[in-house]
Amino acid sequence: MTRADEPLVWQVPAVSRVPLAAPVPTDAEWSGFIRRLESRYDVRQVQVDNTHTKSTRRVSDFLDSATRSRIAYLLPTTPLCQGAADADDDVDDNSAGYVADRAILAVYFGPHMQGPSGGVHGGAVASVLDACIGMATNPLSQPEGYLTAQLTVNYRRMMPLGSYGVAWARVFERDDPSRKAYGIARLVDGQALLASRENGESHRLPVYAEASALFVRRKRAVEGASPASLTQRSRL
Ligand SMILES: CCCCCCCCCCCC(=O)SCCNC(=O)CCNC(=O)[C@H](O)C(C)(C)COP(=O)(O)OP(=O)(O)OC[C@H]1O[C@@H](n2cnc3c(N)ncnc32)[C@H](O)[C@@H]1OP(=O)(O)O
């Protein structure tokens with residue numbers, strides 16, 4: 001057998017696996033966190049399920065599973081569909097809660113997202129930021145029209161395992177003729193965010209990671225969705 005034919009074997013050093021002190025929050029703890037976010041900020045949780053209707057939205061089965069359902073999709077209560085989101089002007093922007101260009105994901109980074117010892121895996125952080133920009137980029141009535149073409153993540157600090165994170169994203173440019181949308185997202189510590197709000201502190205919160213992304217709208221989505229069909233779908 002030549003060297004090139006030898007099976008590739010990873011030499012993994014034996015490490016002792018220490019049980020992680022990052023238990024998944026109970027239902028009550030998790031909903032308490034979301035309620036605090038809703039009461040301190042002008043946001044509301046969008047109920048998530050697997051049907052793409054106007055008021056419900058799937059986050060991602062993958063993230064749902066990795067977080068043990070400790071992930072929530074929130075939107076500003078006041079519609080913000082101005083500027084960038086106006087590209088979808090055939091959609092009824094003024095209906096309650098419809099926000100196309102911003103999104104917030106609240107997430108608990110638990111033991112199933114471990115990367116470095118005591119820290120969250122960079123891929124998990126990237127997934128959350130990508131999903132958050134994806135939510136902001138894809139209007140509720142046009143789910144999954146835009147796909148990630150490029151994602152750049154800047155890891156500023158290690159996110160400790162067992163943290164509540166809050167990521168928010170916005171689309172700052174949507175170039176509809178060429179089907180491109182550009183967005184950014186930032187991830188901060190959710191408990192620190194709430195504490196600073198509750199204590200009336202105005203200092204800038206440390207950013208754990210930030211991302212910028214290019215999303216491209218699939219050709220199929222563009223061809224298959226006439227303005228009439230979009231309007232119809234948005235009213236379902
Ligand atoms: C999870 C939460 C769920 C939440 C639910 C809703 C959120 C969904 C978000 C999901 C996020 C994901 O994970 S998506 C999964 C990961 N991503 C993917 O699998 C995408 C794989 N790539 C593709 O399918 C394709 O490459 C596309 C769709 C991105 C683009 O293909 P295309 O449609 O043929 O584009 P094409 O006509 O060639 O190009 C259109 C314009 O975009 C530019 N362009 C195209 N691709 C790129 C690129 N990679 N980098 C730079 N620029 C590009 C072209 O130069 C051109 O510019 P110009 O000449 O016009 O200037």
# chains A, B, ... in the order shown; residues from 1 in each chain; ligands from 1
$ residues_near_ligand --ligand "ligand 1" --cutoff "9 Å" --atoms "only C-alpha atoms and all ligand atoms" --output "ChimeraX atom specification"
/A:57-63,127-128,130-140,142-150,175,177-180,214-220
$ write_last_selection --atoms "N, CA and C atoms" --output "short mmCIF file (atom, residue, chain, number, x, y, z; two decimals), in the first residue's frame"
data_model
loop_
_atom_site.label_atom_id
_atom_site.label_comp_id
_atom_site.auth_asym_id
_atom_site.auth_seq_id
_atom_site.Cartn_x
_atom_site.Cartn_y
_atom_site.Cartn_z
N ARG A 57 -43.25 31.52 11.40
CA ARG A 57 -42.01 31.43 10.64
C ARG A 57 -41.13 30.34 11.22
N ARG A 58 -40.55 29.56 10.35
CA ARG A 58 -39.60 28.55 10.77
C ARG A 58 -38.25 29.21 10.96
N VAL A 59 -37.58 28.98 12.06
CA VAL A 59 -36.24 29.52 12.21
C VAL A 59 -35.29 28.62 11.45
N SER A 60 -35.14 27.41 11.90
CA SER A 60 -34.27 26.44 11.26
C SER A 60 -34.32 25.20 12.12
N ASP A 61 -34.64 24.06 11.52
CA ASP A 61 -34.70 22.82 12.29
C ASP A 61 -33.36 22.53 12.93
N PHE A 62 -32.29 22.87 12.21
CA PHE A 62 -30.95 22.61 12.69
C PHE A 62 -30.66 23.40 13.97
N LEU A 63 -30.98 24.70 13.93
CA LEU A 63 -30.73 25.51 15.12
C LEU A 63 -31.70 25.16 16.24
N SER A 127 -23.84 30.36 12.51
CA SER A 127 -25.19 29.92 12.10
C SER A 127 -26.26 30.86 12.62
N VAL A 128 -26.09 31.28 13.87
CA VAL A 128 -27.09 32.18 14.45
C VAL A 128 -27.08 33.52 13.72
N ASP A 130 -26.03 34.12 10.66
CA ASP A 130 -26.52 33.88 9.30
C ASP A 130 -28.04 33.79 9.29
N ALA A 131 -28.58 33.01 10.24
CA ALA A 131 -30.04 32.87 10.31
C ALA A 131 -30.70 34.21 10.59
N CYS A 132 -30.06 35.01 11.44
CA CYS A 132 -30.63 36.30 11.80
C CYS A 132 -30.68 37.22 10.58
N ILE A 133 -29.58 37.28 9.84
CA ILE A 133 -29.59 38.11 8.62
C ILE A 133 -30.57 37.53 7.61
N GLY A 134 -30.64 36.19 7.55
CA GLY A 134 -31.59 35.54 6.64
C GLY A 134 -33.02 35.91 6.97
N MET A 135 -33.33 35.98 8.25
CA MET A 135 -34.67 36.38 8.67
C MET A 135 -34.97 37.81 8.25
N ALA A 136 -33.96 38.68 8.43
CA ALA A 136 -34.17 40.09 8.08
C ALA A 136 -34.27 40.27 6.57
N THR A 137 -33.55 39.44 5.85
CA THR A 137 -33.51 39.60 4.39
C THR A 137 -34.76 39.06 3.70
N ASN A 138 -35.28 37.98 4.26
CA ASN A 138 -36.44 37.34 3.63
C ASN A 138 -37.72 37.83 4.30
N PRO A 139 -38.51 38.62 3.58
CA PRO A 139 -39.77 39.06 4.16
C PRO A 139 -40.63 37.86 4.55
N LEU A 140 -41.45 38.06 5.55
CA LEU A 140 -42.28 36.96 6.04
C LEU A 140 -43.11 36.33 4.94
N GLN A 142 -42.33 36.08 1.84
CA GLN A 142 -41.53 35.50 0.77
C GLN A 142 -40.42 34.66 1.37
N PRO A 143 -40.76 33.64 2.11
CA PRO A 143 -39.73 32.92 2.84
C PRO A 143 -38.71 32.27 1.91
N GLU A 144 -37.46 32.38 2.32
CA GLU A 144 -36.36 31.66 1.69
C GLU A 144 -36.15 32.00 0.23
N GLY A 145 -36.49 33.22 -0.17
CA GLY A 145 -36.19 33.64 -1.53
C GLY A 145 -34.72 33.97 -1.69
N TYR A 146 -34.15 34.54 -0.63
CA TYR A 146 -32.74 34.92 -0.65
C TYR A 146 -31.90 33.88 0.08
N LEU A 147 -30.79 33.51 -0.53
CA LEU A 147 -29.85 32.57 0.10
C LEU A 147 -28.54 33.27 0.41
N THR A 148 -27.83 32.76 1.40
CA THR A 148 -26.53 33.32 1.72
C THR A 148 -25.54 33.02 0.59
N ALA A 149 -24.95 34.05 0.04
CA ALA A 149 -23.89 33.85 -0.96
C ALA A 149 -22.53 34.07 -0.33
N GLN A 150 -22.44 35.01 0.57
CA GLN A 150 -21.17 35.26 1.28
C GLN A 150 -21.49 35.63 2.72
N ASP A 175 -30.63 45.46 -3.62
CA ASP A 175 -30.49 45.85 -5.01
C ASP A 175 -31.31 44.86 -5.83
N PRO A 177 -32.89 44.68 -8.90
CA PRO A 177 -32.67 44.21 -10.27
C PRO A 177 -31.59 43.12 -10.33
N SER A 178 -30.54 43.26 -9.51
CA SER A 178 -29.51 42.21 -9.57
C SER A 178 -29.72 41.18 -8.45
N ARG A 179 -30.82 41.30 -7.72
CA ARG A 179 -31.25 40.29 -6.73
C ARG A 179 -30.30 40.16 -5.56
N LYS A 180 -29.61 41.24 -5.21
CA LYS A 180 -28.66 41.16 -4.09
C LYS A 180 -29.18 41.94 -2.89
N LEU A 214 -23.76 38.82 2.13
CA LEU A 214 -24.43 39.07 0.85
C LEU A 214 -25.43 37.94 0.65
N PHE A 215 -26.67 38.29 0.45
CA PHE A 215 -27.69 37.31 0.12
C PHE A 215 -28.10 37.54 -1.34
N VAL A 216 -28.32 36.46 -2.05
CA VAL A 216 -28.75 36.57 -3.45
C VAL A 216 -30.09 35.86 -3.60
N ARG A 217 -30.99 36.56 -4.26
CA ARG A 217 -32.34 36.01 -4.46
C ARG A 217 -32.29 35.01 -5.61
N ARG A 218 -32.81 33.85 -5.34
CA ARG A 218 -32.75 32.79 -6.36
C ARG A 218 -33.56 33.18 -7.59
N LYS A 219 -33.06 32.79 -8.74
CA LYS A 219 -33.78 33.10 -9.99
C LYS A 219 -35.17 32.51 -9.97
N ARG A 220 -35.25 31.24 -9.50
CA ARG A 220 -36.53 30.54 -9.48
C ARG A 220 -37.57 31.31 -8.68
#
$ residues_around --residues "stretch 119-126 of chain A" --least-positions-apart "3" --cutoff "6 Å" --atoms "only C-alpha atoms" --output "list in words"
Met113, Gln114, Gly115, Pro116, Leu129, Asp130, Met159, Pro160 and Leu161 of chain A
$ residues_around --residues "A:Ala22" --least-positions-apart "4" --cutoff "7 Å" --atoms "only C-alpha atoms" --output "PyMOL selection string"
chain A and resi 110-111+161-162
$ write_last_selection --atoms "C-alpha atoms" --output "compact mmCIF listing (two decimals), in the first residue's frame"
# COMPACT_ATOMS: atom_id res chain seq x y z
CA GLY A 110 -26.05 25.40 25.70
CA PRO A 111 -23.90 22.29 26.00
CA LEU A 161 -21.01 28.32 27.00
CA GLY A 162 -24.21 28.71 28.99
$ residues_around --residues "A:Tyr208" --least-positions-apart "4" --cutoff "8 Å" --atoms "only C-alpha atoms" --output "list in words"
Tyr155, Arg156, Arg157, Met158, Met159, Arg186, Leu187, Val188 and Asp189 of chain A
$ write_last_selection --atoms "N, CA and C atoms" --output "mmCIF file, in the first residue's frame"
data_model
loop_
_atom_site.group_PDB
_atom_site.id
_atom_site.type_symbol
_atom_site.label_atom_id
_atom_site.label_comp_id
_atom_site.auth_asym_id
_atom_site.auth_seq_id
_atom_site.Cartn_x
_atom_site.Cartn_y
_atom_site.Cartn_z
ATOM 1 N N TYR A 155 -15.074 37.382 15.016
ATOM 2 C CA TYR A 155 -15.242 36.909 16.396
ATOM 3 C C TYR A 155 -14.448 37.832 17.313
ATOM 4 N N ARG A 156 -15.150 38.612 18.112
ATOM 5 C CA ARG A 156 -14.495 39.623 18.962
ATOM 6 C C ARG A 156 -14.107 39.067 20.327
ATOM 7 N N ARG A 157 -14.981 38.250 20.900
ATOM 8 C CA ARG A 157 -14.730 37.651 22.220
ATOM 9 C C ARG A 157 -15.295 36.248 22.191
ATOM 10 N N MET A 158 -14.731 35.384 23.034
ATOM 11 C CA MET A 158 -15.291 34.030 23.083
ATOM 12 C C MET A 158 -16.623 34.069 23.827
ATOM 13 N N MET A 159 -17.657 33.559 23.197
ATOM 14 C CA MET A 159 -18.979 33.506 23.839
ATOM 15 C C MET A 159 -18.955 32.364 24.842
ATOM 16 N N ARG A 186 -25.202 41.528 14.727
ATOM 17 C CA ARG A 186 -24.301 41.583 15.884
ATOM 18 C C ARG A 186 -24.851 40.681 16.972
ATOM 19 N N LEU A 187 -23.932 40.137 17.736
ATOM 20 C CA LEU A 187 -24.331 39.247 18.838
ATOM 21 C C LEU A 187 -23.799 39.824 20.151
ATOM 22 N N VAL A 188 -24.716 39.986 21.106
ATOM 23 C CA VAL A 188 -24.314 40.461 22.436
ATOM 24 C C VAL A 188 -24.852 39.500 23.487
ATOM 25 N N ASP A 189 -24.387 39.681 24.711
ATOM 26 C CA ASP A 189 -24.867 38.862 25.816
ATOM 27 C C ASP A 189 -26.269 39.350 26.218
#
$ closest_residue --among "A:Arg35, A:Ser212, A:Asn154, A:Gln191" --to "A:Val166" --atoms "only C-alpha atoms"
A:Gln191
$ residues_around --residues "A:Arg70" --least-positions-apart "6" --cutoff "9 Å" --atoms "only C-alpha atoms" --output "PyMOL selection string"
chain A and resi 24-25+27+30+63-64+106-110
$ closest_residue --among "A:Ala181, A:Ser31, A:Leu74, A:Arg40" --to "A:Gly200" --atoms "only C-alpha atoms"
A:Arg40
$ closest_residue --among "A:Ser69, A:Gln45, A:Gly118, A:Glu38" --to "A:Leu194" --atoms "only C-alpha atoms"
A:Glu38
